[in-house]
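What follows is data-v6.cif (mmCIF, C-alpha atoms and all ligand atoms).
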data_start
#
loop_
_atom_site.label_atom_id
_atom_site.label_comp_id
_atom_site.auth_asym_id
_atom_site.auth_seq_id
_atom_site.Cartn_x
_atom_site.Cartn_y
_atom_site.Cartn_z
CA MET A 177 169.57 140.34 287.04
CA ALA A 178 167.85 140.10 283.66
CA LYS A 179 169.72 141.85 280.88
CA ARG A 180 168.06 145.09 279.83
CA THR A 181 167.43 145.49 276.12
CA TYR A 182 166.47 148.70 274.39
CA GLN A 183 164.10 149.45 271.56
CA THR A 184 163.53 152.42 269.30
CA PRO A 185 161.33 155.00 271.03
CA ARG A 186 157.63 154.62 270.18
CA GLY A 187 156.83 156.07 266.77
CA THR A 188 160.40 155.93 265.46
CA LYS A 189 162.12 153.36 263.31
CA ASP A 190 165.53 152.29 262.15
CA VAL A 191 166.34 152.34 258.48
CA LEU A 192 168.20 149.05 258.23
CA PRO A 193 170.73 148.40 255.45
CA ASP A 194 168.21 146.47 253.30
CA GLU A 195 165.96 149.53 253.11
CA GLN A 196 168.69 152.06 252.38
CA LYS A 197 168.37 151.59 248.63
CA HIS A 198 164.78 152.83 248.83
CA TRP A 199 165.91 155.94 250.67
CA ASP A 200 168.77 156.58 248.25
CA PHE A 201 166.34 156.18 245.38
CA VAL A 202 163.88 158.74 246.75
CA VAL A 203 166.59 161.21 247.71
CA ASP A 204 168.35 160.85 244.32
CA VAL A 205 165.12 161.44 242.39
CA VAL A 206 164.25 164.46 244.56
CA LYS A 207 167.71 165.98 244.03
CA GLU A 208 167.62 165.32 240.30
CA GLU A 209 164.18 166.85 239.83
CA ALA A 210 165.10 169.79 242.08
CA PHE A 211 168.15 170.49 239.97
CA ASN A 212 166.18 170.15 236.72
CA ALA A 213 163.60 172.63 237.99
CA GLY A 214 166.14 175.16 239.31
CA PHE A 215 165.69 174.62 243.06
CA ARG A 216 168.62 174.97 245.45
CA ARG A 217 169.04 172.91 248.58
CA ILE A 218 168.71 174.39 252.03
CA ASP A 219 169.23 172.73 255.42
CA THR A 220 168.02 174.24 258.66
CA PRO A 221 168.51 173.06 262.25
CA ILE A 222 166.39 170.22 263.59
CA PHE A 223 165.15 172.44 266.39
CA GLU A 224 164.01 176.04 266.38
CA ASP A 225 162.68 178.66 268.74
CA SER A 226 159.22 177.31 269.71
CA GLY A 227 157.65 180.70 268.96
CA LEU A 228 158.44 180.29 265.27
CA PHE A 229 155.96 177.41 264.94
CA VAL A 230 153.35 178.88 267.26
CA LYS A 231 153.30 182.05 265.21
CA SER A 232 153.41 180.51 261.72
CA VAL A 233 151.58 177.18 261.99
CA GLY A 234 149.05 178.76 264.36
CA LYS A 235 148.43 178.25 268.05
CA ASN A 236 145.05 176.58 267.55
CA THR A 237 146.25 173.87 265.21
CA ASP A 238 146.72 170.19 266.06
CA ILE A 239 150.43 170.52 265.44
CA VAL A 240 150.92 173.28 267.97
CA GLU A 241 148.30 172.18 270.47
CA LYS A 242 149.12 168.49 270.60
CA GLU A 243 152.02 167.38 268.50
CA MET A 244 155.12 169.42 269.15
CA TYR A 245 158.18 168.09 270.90
CA THR A 246 158.93 171.19 272.93
CA PHE A 247 161.58 171.38 275.63
CA LYS A 248 163.55 173.90 277.61
CA ASP A 249 167.31 173.81 277.17
CA LYS A 250 169.67 174.40 280.06
CA SER A 251 169.46 178.18 279.56
CA GLY A 252 165.68 178.09 279.79
CA ASN A 253 165.03 178.71 276.06
CA SER A 254 161.92 177.04 274.71
CA LEU A 255 162.91 174.97 271.70
CA THR A 256 160.86 172.69 269.45
CA LEU A 257 161.91 169.80 267.23
CA ARG A 258 160.66 170.96 263.85
CA PRO A 259 157.22 169.55 263.02
CA GLU A 260 157.35 170.91 259.47
CA GLY A 261 159.77 172.54 257.08
CA THR A 262 158.23 175.72 255.71
CA ALA A 263 158.45 177.99 258.75
CA PRO A 264 162.17 177.23 259.27
CA ILE A 265 162.86 177.84 255.58
CA ILE A 266 161.16 181.23 255.70
CA ARG A 267 163.04 182.06 258.90
CA ALA A 268 166.29 181.15 257.12
CA TYR A 269 165.26 183.07 254.00
CA LEU A 270 164.78 186.21 256.11
CA GLU A 271 167.76 185.65 258.38
CA GLY A 272 170.06 184.71 255.49
CA GLY A 273 169.33 187.92 253.57
CA MET A 274 167.64 186.08 250.69
CA GLN A 275 165.07 188.86 250.35
CA SER A 276 167.67 190.75 248.35
CA LEU A 277 168.16 187.93 245.83
CA PRO A 278 166.44 187.98 242.45
CA HIS A 279 163.01 186.40 242.86
CA PRO A 280 161.52 183.89 242.78
CA VAL A 281 163.82 182.14 245.22
CA ASN A 282 163.42 178.40 244.71
CA LEU A 283 164.50 176.22 247.62
CA PHE A 284 164.19 172.56 248.54
CA TYR A 285 164.98 170.52 251.65
CA ILE A 286 165.15 166.94 252.82
CA GLY A 287 165.10 166.09 256.50
CA SER A 288 163.45 164.63 259.56
CA MET A 289 160.36 166.10 261.18
CA PHE A 290 158.86 165.35 264.57
CA ARG A 291 155.23 165.17 265.63
CA TYR A 292 153.81 163.59 268.74
CA GLU A 293 151.07 161.68 266.91
CA ARG A 294 149.46 158.33 267.62
CA PRO A 295 151.74 155.92 265.78
CA GLN A 296 150.18 153.55 263.25
CA ALA A 297 150.99 152.11 259.83
CA GLY A 298 152.68 154.91 257.88
CA ARG A 299 152.52 157.37 260.76
CA TYR A 300 155.57 158.01 262.89
CA ARG A 301 156.71 160.48 265.49
CA GLN A 302 159.98 160.99 263.68
CA PHE A 303 159.43 160.93 259.94
CA HIS A 304 161.08 162.47 256.92
CA GLN A 305 159.97 164.92 254.33
CA TYR A 306 161.28 166.52 251.20
CA GLY A 307 159.81 169.87 250.41
CA PHE A 308 159.97 172.63 247.81
CA GLU A 309 159.28 176.33 248.29
CA THR A 310 158.94 179.06 245.66
CA ILE A 311 159.20 182.49 247.22
CA GLY A 312 158.22 185.71 245.48
CA GLU A 313 155.62 184.72 242.86
CA SER A 314 151.91 185.34 242.94
CA ASN A 315 151.07 184.12 239.45
CA PRO A 316 148.75 181.07 239.43
CA VAL A 317 150.94 179.45 236.79
CA ILE A 318 153.49 178.86 239.56
CA ASP A 319 150.87 177.02 241.64
CA ALA A 320 150.26 174.69 238.70
CA GLN A 321 154.00 174.39 238.09
CA LEU A 322 154.64 173.33 241.68
CA ILE A 323 151.72 170.90 241.67
CA ALA A 324 153.13 169.39 238.47
CA LEU A 325 156.55 169.08 240.12
CA SER A 326 155.10 167.42 243.20
CA LEU A 327 153.37 164.85 240.98
CA ARG A 328 156.37 164.41 238.69
CA ILE A 329 158.65 163.42 241.55
CA LEU A 330 156.23 160.73 242.68
CA ARG A 331 155.83 159.50 239.12
CA LYS A 332 159.60 159.33 238.68
CA LEU A 333 159.56 157.10 241.73
CA GLY A 334 157.35 154.79 239.70
CA LEU A 335 154.13 155.78 241.49
CA GLU A 336 151.39 156.19 238.90
CA ASN A 337 148.18 155.50 240.79
CA LEU A 338 147.83 158.90 242.37
CA LEU A 339 144.96 161.17 243.17
CA LEU A 340 145.39 164.94 243.23
CA GLU A 341 142.95 166.82 245.44
CA ILE A 342 142.76 170.57 245.26
CA ASN A 343 140.93 173.42 246.94
CA SER A 344 141.19 177.12 247.60
CA LEU A 345 141.24 178.51 251.13
CA GLY A 346 140.68 182.10 250.09
CA CYS A 347 142.51 185.07 251.52
CA PRO A 348 142.13 187.50 254.45
CA SER A 349 139.52 189.39 252.46
CA CYS A 350 137.11 186.45 251.86
CA ARG A 351 137.95 183.91 254.54
CA PRO A 352 136.68 185.83 257.60
CA LYS A 353 133.25 186.28 255.97
CA TYR A 354 133.10 182.60 255.18
CA ARG A 355 134.29 181.72 258.65
CA LYS A 356 131.33 183.57 260.11
CA LEU A 357 128.94 181.69 257.82
CA LEU A 358 130.52 178.39 258.83
CA VAL A 359 130.33 179.19 262.53
CA ASP A 360 126.65 180.13 262.14
CA TYR A 361 125.96 176.84 260.40
CA LEU A 362 127.95 174.71 262.85
CA SER A 363 126.49 176.43 265.90
CA ASP A 364 123.14 174.83 265.06
CA TYR A 365 124.78 171.42 265.44
CA LYS A 366 127.00 172.31 268.35
CA LYS A 367 125.63 169.61 270.63
CA LYS A 368 126.41 166.89 268.10
CA LEU A 369 130.03 167.92 267.55
CA CYS A 370 132.83 166.00 269.28
CA THR A 371 134.59 167.66 272.20
CA ASP A 372 137.56 168.69 270.03
CA CYS A 373 135.31 170.24 267.41
CA LYS A 374 133.30 172.13 270.02
CA GLN A 375 136.59 173.75 270.95
CA ARG A 376 137.59 174.24 267.30
CA LEU A 377 134.29 176.01 266.70
CA LYS A 378 135.54 178.73 269.03
CA THR A 379 139.18 178.83 268.01
CA ASN A 380 139.64 177.53 264.47
CA PRO A 381 136.38 176.36 262.80
CA LEU A 382 138.04 175.43 259.50
CA ARG A 383 139.90 172.69 261.37
CA ILE A 384 136.58 170.88 261.83
CA PHE A 385 136.97 169.78 258.21
CA ASP A 386 139.91 167.61 259.27
CA CYS A 387 137.93 165.84 262.02
CA LYS A 388 137.79 162.07 261.56
CA GLN A 389 134.72 161.50 263.78
CA LYS A 390 131.77 160.16 261.80
CA SER A 391 129.24 162.40 263.54
CA CYS A 392 131.28 165.53 262.73
CA GLN A 393 131.89 164.36 259.15
CA GLU A 394 128.13 164.09 258.62
CA ILE A 395 127.59 167.64 259.80
CA ILE A 396 130.46 168.93 257.69
CA ALA A 397 129.08 167.22 254.57
CA SER A 398 126.31 169.81 254.28
CA ALA A 399 128.29 172.80 255.52
CA PRO A 400 128.68 175.86 253.27
CA GLN A 401 131.79 175.56 251.13
CA LEU A 402 134.45 178.21 251.00
CA ILE A 403 134.91 177.66 247.30
CA ASN A 404 131.46 179.27 246.76
CA TYR A 405 132.39 182.36 248.77
CA LEU A 406 135.79 183.26 247.35
CA CYS A 407 136.42 186.90 246.53
CA GLN A 408 136.86 187.83 242.88
CA SER A 409 140.64 187.71 243.02
CA CYS A 410 140.81 184.30 244.76
CA HIS A 411 138.17 182.94 242.42
CA GLU A 412 140.13 184.08 239.36
CA HIS A 413 143.37 182.76 240.80
CA PHE A 414 141.86 179.33 241.41
CA ARG A 415 140.23 179.22 237.98
CA HIS A 416 143.59 179.90 236.36
CA VAL A 417 145.34 177.23 238.42
CA LEU A 418 142.79 174.67 237.26
CA GLU A 419 143.13 175.81 233.66
CA TYR A 420 146.89 175.42 233.82
CA LEU A 421 146.46 171.93 235.25
CA ASP A 422 144.11 171.17 232.35
CA ASP A 423 146.76 172.42 229.94
CA LEU A 424 149.13 169.81 231.36
CA GLU A 425 146.35 167.22 231.27
CA LEU A 426 146.77 166.62 234.98
CA SER A 427 143.59 165.24 236.44
CA TYR A 428 142.43 166.46 239.83
CA GLU A 429 139.50 166.24 242.14
CA LEU A 430 138.06 169.35 243.72
CA ASN A 431 137.80 168.74 247.43
CA PRO A 432 136.00 171.67 249.05
CA ARG A 433 136.70 170.14 252.47
CA LEU A 434 140.46 170.08 252.02
CA ALA A 435 141.64 172.47 254.75
CA ARG A 436 145.24 171.29 255.49
CA GLY A 437 146.18 171.57 259.11
CA LEU A 438 148.13 174.81 259.17
CA ASP A 439 146.98 178.37 259.56
CA TYR A 440 149.38 179.96 257.12
CA TYR A 441 147.76 178.72 253.93
CA THR A 442 145.95 181.09 251.57
CA LYS A 443 144.37 180.39 248.19
CA THR A 444 145.47 177.13 246.52
CA VAL A 445 146.00 174.01 248.63
CA TRP A 446 146.46 170.47 247.37
CA GLU A 447 147.19 166.96 248.51
CA ILE A 448 148.36 163.88 246.68
CA TRP A 449 146.94 160.54 247.73
CA PRO A 450 147.50 156.96 246.67
CA ALA A 451 144.51 156.10 244.46
CA LYS A 452 143.80 153.25 246.90
CA PRO A 453 144.81 153.23 250.58
CA LEU A 454 148.13 151.64 251.46
CA GLU A 455 148.15 148.33 253.26
CA GLY A 456 147.35 148.71 256.95
CA GLU A 457 146.05 152.24 256.51
CA GLU A 458 142.37 152.91 256.91
CA LEU A 459 140.48 154.75 254.28
CA GLY A 460 140.30 158.38 255.22
CA SER A 461 143.14 158.20 257.73
CA GLN A 462 145.78 160.84 257.22
CA ALA A 463 147.55 158.81 254.60
CA ALA A 464 148.32 161.43 251.98
CA LEU A 465 151.70 161.17 250.31
CA GLY A 466 152.18 164.90 250.36
CA GLY A 467 150.53 168.25 250.19
CA GLY A 468 151.13 171.91 249.86
CA GLY A 469 149.71 175.30 249.22
CA ARG A 470 150.16 179.02 248.98
CA TYR A 471 151.13 181.05 252.00
CA ASP A 472 151.10 184.61 250.74
CA LYS A 473 151.03 186.21 254.20
CA LEU A 474 153.60 184.10 256.05
CA ILE A 475 156.70 186.09 255.18
CA GLU A 476 155.11 189.29 256.38
CA LEU A 477 153.90 187.51 259.51
CA LEU A 478 157.48 186.50 260.26
CA GLY A 479 158.76 190.05 259.88
CA GLY A 480 159.66 190.25 256.18
CA ARG A 481 158.36 192.41 253.35
CA PRO A 482 155.00 191.25 251.98
CA THR A 483 156.05 188.45 249.61
CA PRO A 484 153.80 185.83 248.06
CA ALA A 485 155.06 182.26 248.28
CA LEU A 486 154.01 178.65 248.06
CA GLY A 487 155.38 175.19 248.62
CA PHE A 488 154.74 171.54 249.22
CA ALA A 489 156.10 168.73 251.35
CA CYS A 490 155.98 165.00 250.80
CA GLY A 491 156.74 162.29 253.27
CA ILE A 492 159.50 159.83 252.48
CA GLU A 493 158.20 156.85 254.47
CA ARG A 494 154.81 156.77 252.74
CA PRO A 495 156.08 156.87 249.15
CA ILE A 496 158.54 154.12 250.14
CA ALA A 497 155.67 152.05 251.54
CA MET A 498 153.85 152.52 248.23
CA ILE A 499 156.96 151.65 246.21
CA LYS A 500 157.18 148.41 248.17
CA GLU A 501 153.49 147.63 247.91
CA GLU A 502 153.47 148.20 244.17
CA LYS A 503 156.66 146.10 243.87
CA ILE A 504 158.44 148.81 241.96
CA GLU A 505 161.91 147.75 241.02
CA ILE A 506 164.59 150.06 242.28
CA PRO A 507 167.51 150.61 239.94
CA GLU A 508 170.61 149.22 241.62
CA LYS A 509 173.06 152.07 241.36
CA ARG A 510 176.09 150.84 243.17
CA LYS A 511 177.30 147.30 242.95
CA THR A 512 180.31 145.56 244.34
CA GLN A 513 182.53 144.99 241.31
CA VAL A 514 185.23 142.66 242.53
CA PHE A 515 185.60 140.04 245.22
CA ILE A 516 189.00 138.97 246.54
CA ALA A 517 189.43 135.44 247.79
CA GLN A 518 192.60 134.05 249.33
CA LEU A 519 194.05 130.92 250.82
CA GLY A 520 197.07 130.75 253.14
CA GLU A 521 198.95 133.19 255.28
CA LYS A 522 201.13 134.70 252.57
CA ALA A 523 198.16 135.07 250.21
CA GLN A 524 196.19 136.77 252.95
CA LYS A 525 198.90 139.44 253.32
CA ILE A 526 199.06 140.01 249.57
CA CYS A 527 195.27 140.28 249.34
CA PHE A 528 195.14 142.71 252.21
CA LYS A 529 197.49 145.04 250.29
CA LEU A 530 195.70 144.38 247.00
CA LEU A 531 192.34 145.18 248.49
CA ASN A 532 193.57 148.59 249.61
CA GLU A 533 195.27 149.29 246.27
CA LEU A 534 192.06 148.51 244.42
CA GLN A 535 189.98 150.64 246.75
CA ASP A 536 192.50 153.47 246.29
CA ALA A 537 191.95 153.09 242.54
CA GLY A 538 188.20 153.63 243.08
CA ILE A 539 187.10 150.04 242.52
CA ALA A 540 184.23 148.71 244.66
CA VAL A 541 185.91 145.64 246.06
CA VAL A 542 185.27 143.48 249.06
CA GLY A 543 187.34 140.56 250.18
CA SER A 544 187.50 137.92 252.73
CA LEU A 545 190.62 138.48 254.76
CA GLU A 546 189.81 136.00 257.49
CA LYS A 547 190.55 132.30 257.44
CA LYS A 548 187.69 130.81 255.45
CA SER A 549 187.34 127.92 253.03
CA ILE A 550 187.49 128.76 249.33
CA GLY A 551 183.97 127.34 249.03
CA SER A 552 182.49 129.79 251.51
CA GLN A 553 184.42 132.68 249.97
CA PHE A 554 182.99 131.95 246.52
CA LYS A 555 179.56 131.59 248.03
CA GLU A 556 179.92 135.13 249.33
CA ALA A 557 181.12 136.33 245.89
CA ASN A 558 178.03 134.76 244.29
CA ARG A 559 175.75 136.34 246.87
CA LEU A 560 177.19 139.75 246.00
CA LYS A 561 176.76 138.98 242.29
CA VAL A 562 180.20 140.39 241.46
CA PRO A 563 181.24 140.13 237.83
CA LEU A 564 184.90 139.44 238.70
CA THR A 565 186.75 137.59 241.45
CA ILE A 566 190.45 137.58 242.21
CA LEU A 567 191.89 134.49 243.83
CA VAL A 568 195.31 134.24 245.43
CA GLY A 569 196.26 130.78 246.65
CA GLN A 570 199.59 129.49 247.91
CA LYS A 571 200.93 128.95 244.39
CA GLU A 572 199.96 132.43 243.18
CA ALA A 573 201.35 133.99 246.34
CA PHE A 574 204.64 132.28 245.60
CA ASP A 575 204.57 133.17 241.84
CA GLY A 576 203.55 136.81 242.31
CA THR A 577 200.36 136.26 240.30
CA VAL A 578 196.60 136.27 240.84
CA ILE A 579 193.81 134.29 239.22
CA LEU A 580 191.18 136.52 237.69
CA LYS A 581 187.87 134.73 237.35
CA ASP A 582 185.06 136.02 235.18
CA MET A 583 182.01 135.08 237.26
CA VAL A 584 179.65 135.19 234.30
CA SER A 585 181.52 133.03 231.77
CA GLY A 586 183.48 131.11 234.41
CA SER A 587 186.76 131.64 232.46
CA GLN A 588 189.97 132.17 234.41
CA GLU A 589 193.32 133.76 233.60
CA ILE A 590 196.57 134.31 235.42
CA ILE A 591 197.69 137.92 235.81
CA PRO A 592 200.89 139.27 237.39
CA GLN A 593 200.06 140.96 240.71
CA GLU A 594 201.58 144.30 239.69
CA LYS A 595 199.32 144.49 236.63
CA ILE A 596 196.02 143.59 238.25
CA VAL A 597 194.87 147.15 239.07
CA LYS A 598 195.32 148.23 235.45
CA VAL A 599 193.70 145.09 234.08
CA LEU A 600 190.71 145.44 236.37
CA LEU A 601 190.21 149.11 235.57
CA LYS A 602 190.19 148.25 231.86
CA ARG A 603 187.85 145.31 232.31
CA LEU A 604 185.40 147.27 234.42
CA GLU A 605 185.41 150.11 231.93
CA SER A 606 184.19 147.78 229.22
P1 LIG B 1 151.68 167.56 256.13
O1 LIG B 1 152.62 168.66 256.26
O2 LIG B 1 151.06 167.14 257.41
O3 LIG B 1 150.68 167.69 255.04
O4 LIG B 1 152.57 166.34 255.71
C1 LIG B 1 153.05 166.16 254.40
C2 LIG B 1 153.40 164.70 254.22
O5 LIG B 1 154.35 164.29 255.20
C3 LIG B 1 152.23 163.76 254.45
O6 LIG B 1 151.43 163.67 253.32
C4 LIG B 1 152.94 162.48 254.78
O7 LIG B 1 153.45 161.82 253.64
C5 LIG B 1 154.10 162.96 255.58
N1 LIG B 1 153.77 162.88 257.02
C6 LIG B 1 153.16 163.80 257.79
N2 LIG B 1 153.05 163.38 259.05
C7 LIG B 1 153.61 162.16 259.08
C8 LIG B 1 153.83 161.18 260.11
N3 LIG B 1 153.47 161.41 261.36
N4 LIG B 1 154.45 160.03 259.78
C9 LIG B 1 154.85 159.78 258.51
N5 LIG B 1 154.69 160.66 257.50
C10 LIG B 1 154.07 161.83 257.79
#
Exercise: express the given structure as structure tokens:
Amino acid sequence: MAKRTYQTPRGTKDVLPDEQKHWDFVVDVVKEEAFNAGFRRIDTPIFEDSGLFVKSVGKNTDIVEKEMYTFKDKSGNSLTLRPEGTAPIIRAYLEGGMQSLPHPVNLFYIGSMFRYERPQAGRYRQFHQYGFETIGESNPVIDAQLIALSLRILRKLGLENLLLEINSLGCPSCRPKYRKLLVDYLSDYKKKLCTDCKQRLKTNPLRIFDCKQKSCQEIIASAPQLINYLCQSCHEHFRHVLEYLDDLELSYELNPRLARGLDYYTKTVWEIWPAKPLEGEELGSQAALGGGGRYDKLIELLGGRPTPALGFACGIERPIAMIKEEKIEIPEKRKTQVFIAQLGEKAQKICFKLLNELQDAGIAVVGSLEKKSIGSQFKEANRLKVPLTILVGQKEAFDGTVILKDMVSGSQEIIPQEKIVKVLLKRLES
């Protein structure tokens, strides 16, 4: 019988050791910037009550209609692997009593998300996001502040060639009027719309803006734009956001067709794109690095007191793809400091103990404890680019000494075994 081999499920990928430094880099920068900006970390479960997403993201969205991993557990509860982070954070904010904290409450998260999408370059079914939420502020300065933060993080990752797109989706006082106008306009072209958009016309016409079909795009191009129908308060809010962005000299492009795929957004929405598409990704495919917006009604919708809020989420895989494509050098944070080489049975025993003593002392040390030639052991030390190597041969094992080799200058010295930890700590300090 042929041996069965297994692969990662479609749309998922392993993060192999060589790529871990990219992940550490992104996560470290996110944590650093979160701390600097006064955001506290929150982690929520990977799955939630399915109703949470249906209610918040909206039942007529692509996420809820097509992309959720929903299953019944053995008690018959309908659960969903989280497709996005905001709804769970707001659930946790309400459940965890954070409404009584001084506001704004600034939270951030890092974790995996799941969407049953058609996999392609940069698009996975399990992917990762970091996200920031500011709860309890309606002032447009906070919109600009969060947009600036979302850009700053990407810039700190070395990504400079970015495009910020921004729009306003209005509020419950102006959006319904606009929606009617849009439906009237689109109804004239109903026959030319794709099957999905025909359906969207009935359920969620704003979603037609996200349609990738050329025929629908052409119709949308001349559609009335929400930005021209905002109520006074939304108009003022948006004007201020743009002024604040100007104050920071952040350039942006107004994109009146930017709808974002979720129902809970109100007022400001934005997306950050690579200035040119990433390798393997088509122009206009959903290849944004991140996006966000205001969701002033979501907390109320989920049972809390009316509380304005906003947030953004960025993928991790896509910024990493861009980091690689732009050949951005990642600072090597952790390096092996010492290599231990040995020859002979007695030396092997001594090195085994030494290795553990050094690790106890907090030194990053690896050693070859198996029977290997000195040549291949030094080859390994060179590959690891360690600054120092300890060698214990038969003579040293007998004398109670070790040879300490400086791998940069090539100089060697003999050190008593009992002093080596101290000597190394001093050397590494300098
Ligand atoms: P969204 O909430 O859909 O705007 O997603 C925010 C960011 O998450 C996107 O801009 C992407 O960087 C990332 N993202 C969303 N969906 C996927 C996916 N299926 N695969 C990889 N990254 C994704």
task: Go through the chains and note each residue within 10 Å of ligand LIG 1 (chain B), using only C-alpha atoms and all ligand atoms, then give the set as a PyMOL selection string.
output: chain A and resi 187-188+239+243+259-262+288-307+436-438+446-449+462-469+488-496
Now that the selection is made, can you save its residues with C-alpha atoms as a PDB file, in the coordinates of the input?
ATOM      1  CA  GLY A 187     156.830 156.070 266.770  1.00  0.00           C
ATOM      2  CA  THR A 188     160.400 155.930 265.460  1.00  0.00           C
ATOM      3  CA  ILE A 239     150.430 170.520 265.440  1.00  0.00           C
ATOM      4  CA  GLU A 243     152.020 167.380 268.500  1.00  0.00           C
ATOM      5  CA  PRO A 259     157.220 169.550 263.020  1.00  0.00           C
ATOM      6  CA  GLU A 260     157.350 170.910 259.470  1.00  0.00           C
ATOM      7  CA  GLY A 261     159.770 172.540 257.080  1.00  0.00           C
ATOM      8  CA  THR A 262     158.230 175.720 255.710  1.00  0.00           C
ATOM      9  CA  SER A 288     163.450 164.630 259.560  1.00  0.00           C
ATOM     10  CA  MET A 289     160.360 166.100 261.180  1.00  0.00           C
ATOM     11  CA  PHE A 290     158.860 165.350 264.570  1.00  0.00           C
ATOM     12  CA  ARG A 291     155.230 165.170 265.630  1.00  0.00           C
ATOM     13  CA  TYR A 292     153.810 163.590 268.740  1.00  0.00           C
ATOM     14  CA  GLU A 293     151.070 161.680 266.910  1.00  0.00           C
ATOM     15  CA  ARG A 294     149.460 158.330 267.620  1.00  0.00           C
ATOM     16  CA  PRO A 295     151.740 155.920 265.780  1.00  0.00           C
ATOM     17  CA  GLN A 296     150.180 153.550 263.250  1.00  0.00           C
ATOM     18  CA  ALA A 297     150.990 152.110 259.830  1.00  0.00           C
ATOM     19  CA  GLY A 298     152.680 154.910 257.880  1.00  0.00           C
ATOM     20  CA  ARG A 299     152.520 157.370 260.760  1.00  0.00           C
ATOM     21  CA  TYR A 300     155.570 158.010 262.890  1.00  0.00           C
ATOM     22  CA  ARG A 301     156.710 160.480 265.490  1.00  0.00           C
ATOM     23  CA  GLN A 302     159.980 160.990 263.680  1.00  0.00           C
ATOM     24  CA  PHE A 303     159.430 160.930 259.940  1.00  0.00           C
ATOM     25  CA  HIS A 304     161.080 162.470 256.920  1.00  0.00           C
ATOM     26  CA  GLN A 305     159.970 164.920 254.330  1.00  0.00           C
ATOM     27  CA  TYR A 306     161.280 166.520 251.200  1.00  0.00           C
ATOM     28  CA  GLY A 307     159.810 169.870 250.410  1.00  0.00           C
ATOM     29  CA  ARG A 436     145.240 171.290 255.490  1.00  0.00           C
ATOM     30  CA  GLY A 437     146.180 171.570 259.110  1.00  0.00           C
ATOM     31  CA  LEU A 438     148.130 174.810 259.170  1.00  0.00           C
ATOM     32  CA  TRP A 446     146.460 170.470 247.370  1.00  0.00           C
ATOM     33  CA  GLU A 447     147.190 166.960 248.510  1.00  0.00           C
ATOM     34  CA  ILE A 448     148.360 163.880 246.680  1.00  0.00           C
ATOM     35  CA  TRP A 449     146.940 160.540 247.730  1.00  0.00           C
ATOM     36  CA  GLN A 462     145.780 160.840 257.220  1.00  0.00           C
ATOM     37  CA  ALA A 463     147.550 158.810 254.600  1.00  0.00           C
ATOM     38  CA  ALA A 464     148.320 161.430 251.980  1.00  0.00           C
ATOM     39  CA  LEU A 465     151.700 161.170 250.310  1.00  0.00           C
ATOM     40  CA  GLY A 466     152.180 164.900 250.360  1.00  0.00           C
ATOM     41  CA  GLY A 467     150.530 168.250 250.190  1.00  0.00           C
ATOM     42  CA  GLY A 468     151.130 171.910 249.860  1.00  0.00           C
ATOM     43  CA  GLY A 469     149.710 175.300 249.220  1.00  0.00           C
ATOM     44  CA  PHE A 488     154.740 171.540 249.220  1.00  0.00           C
ATOM     45  CA  ALA A 489     156.100 168.730 251.350  1.00  0.00           C
ATOM     46  CA  CYS A 490     155.980 165.000 250.800  1.00  0.00           C
ATOM     47  CA  GLY A 491     156.740 162.290 253.270  1.00  0.00           C
ATOM     48  CA  ILE A 492     159.500 159.830 252.480  1.00  0.00           C
ATOM     49  CA  GLU A 493     158.200 156.850 254.470  1.00  0.00           C
ATOM     50  CA  ARG A 494     154.810 156.770 252.740  1.00  0.00           C
ATOM     51  CA  PRO A 495     156.080 156.870 249.150  1.00  0.00           C
ATOM     52  CA  ILE A 496     158.540 154.120 250.140  1.00  0.00           C
TER      53      ILE A 496
END
task: Find the spatial neighbours of range 334-348 of chain A, counting only C-alpha atoms, within a cut-off of 7 Å - ignore same-chain residues fewer than 2 positions away - and output them as a PyMOL selection string.
output: chain A and resi 330-332+350-352+402-403+406+410+414+428-432+434+442-451+499+504
message: Around the point (168.3, 167.6, 243.6) (coordinates from the file), which residues reach within 12 Å if we count only C-alpha atoms? Answer as a VMD selection string.
response: chain A and resid 200 to 218 282 to 286 306 to 308 329
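Atom pair CA of Lys571 in chain A / CA of Ala557 in chain A has a distance of 21.2 Å (rounded to one decimal).
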Give the padded box for range 436-455 of chain A as AutoDock Vina command-line options: axis-aligned, covering all atoms listed in the file, 8 Å on each side, centre and edge lengths in Å to one decimal.
--center_x 146.6 --center_y 164.7 --center_z 252.0 --size_x 21.6 --size_y 48.8 --size_z 31.1
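Counting all atoms listed in the file, the residue from A:Ser254, A:Ser363, A:Leu270, A:Tyr441 that sits nearest to Val233 in chain A is A:Tyr441.
In this model, the gap between CA of Tyr361 in chain A and CA of Gln401 in chain A comes to 11.0 Å.
The space separating CA of Pro400 in chain A from CA of Asn380 in chain A comes to 15.8 Å.
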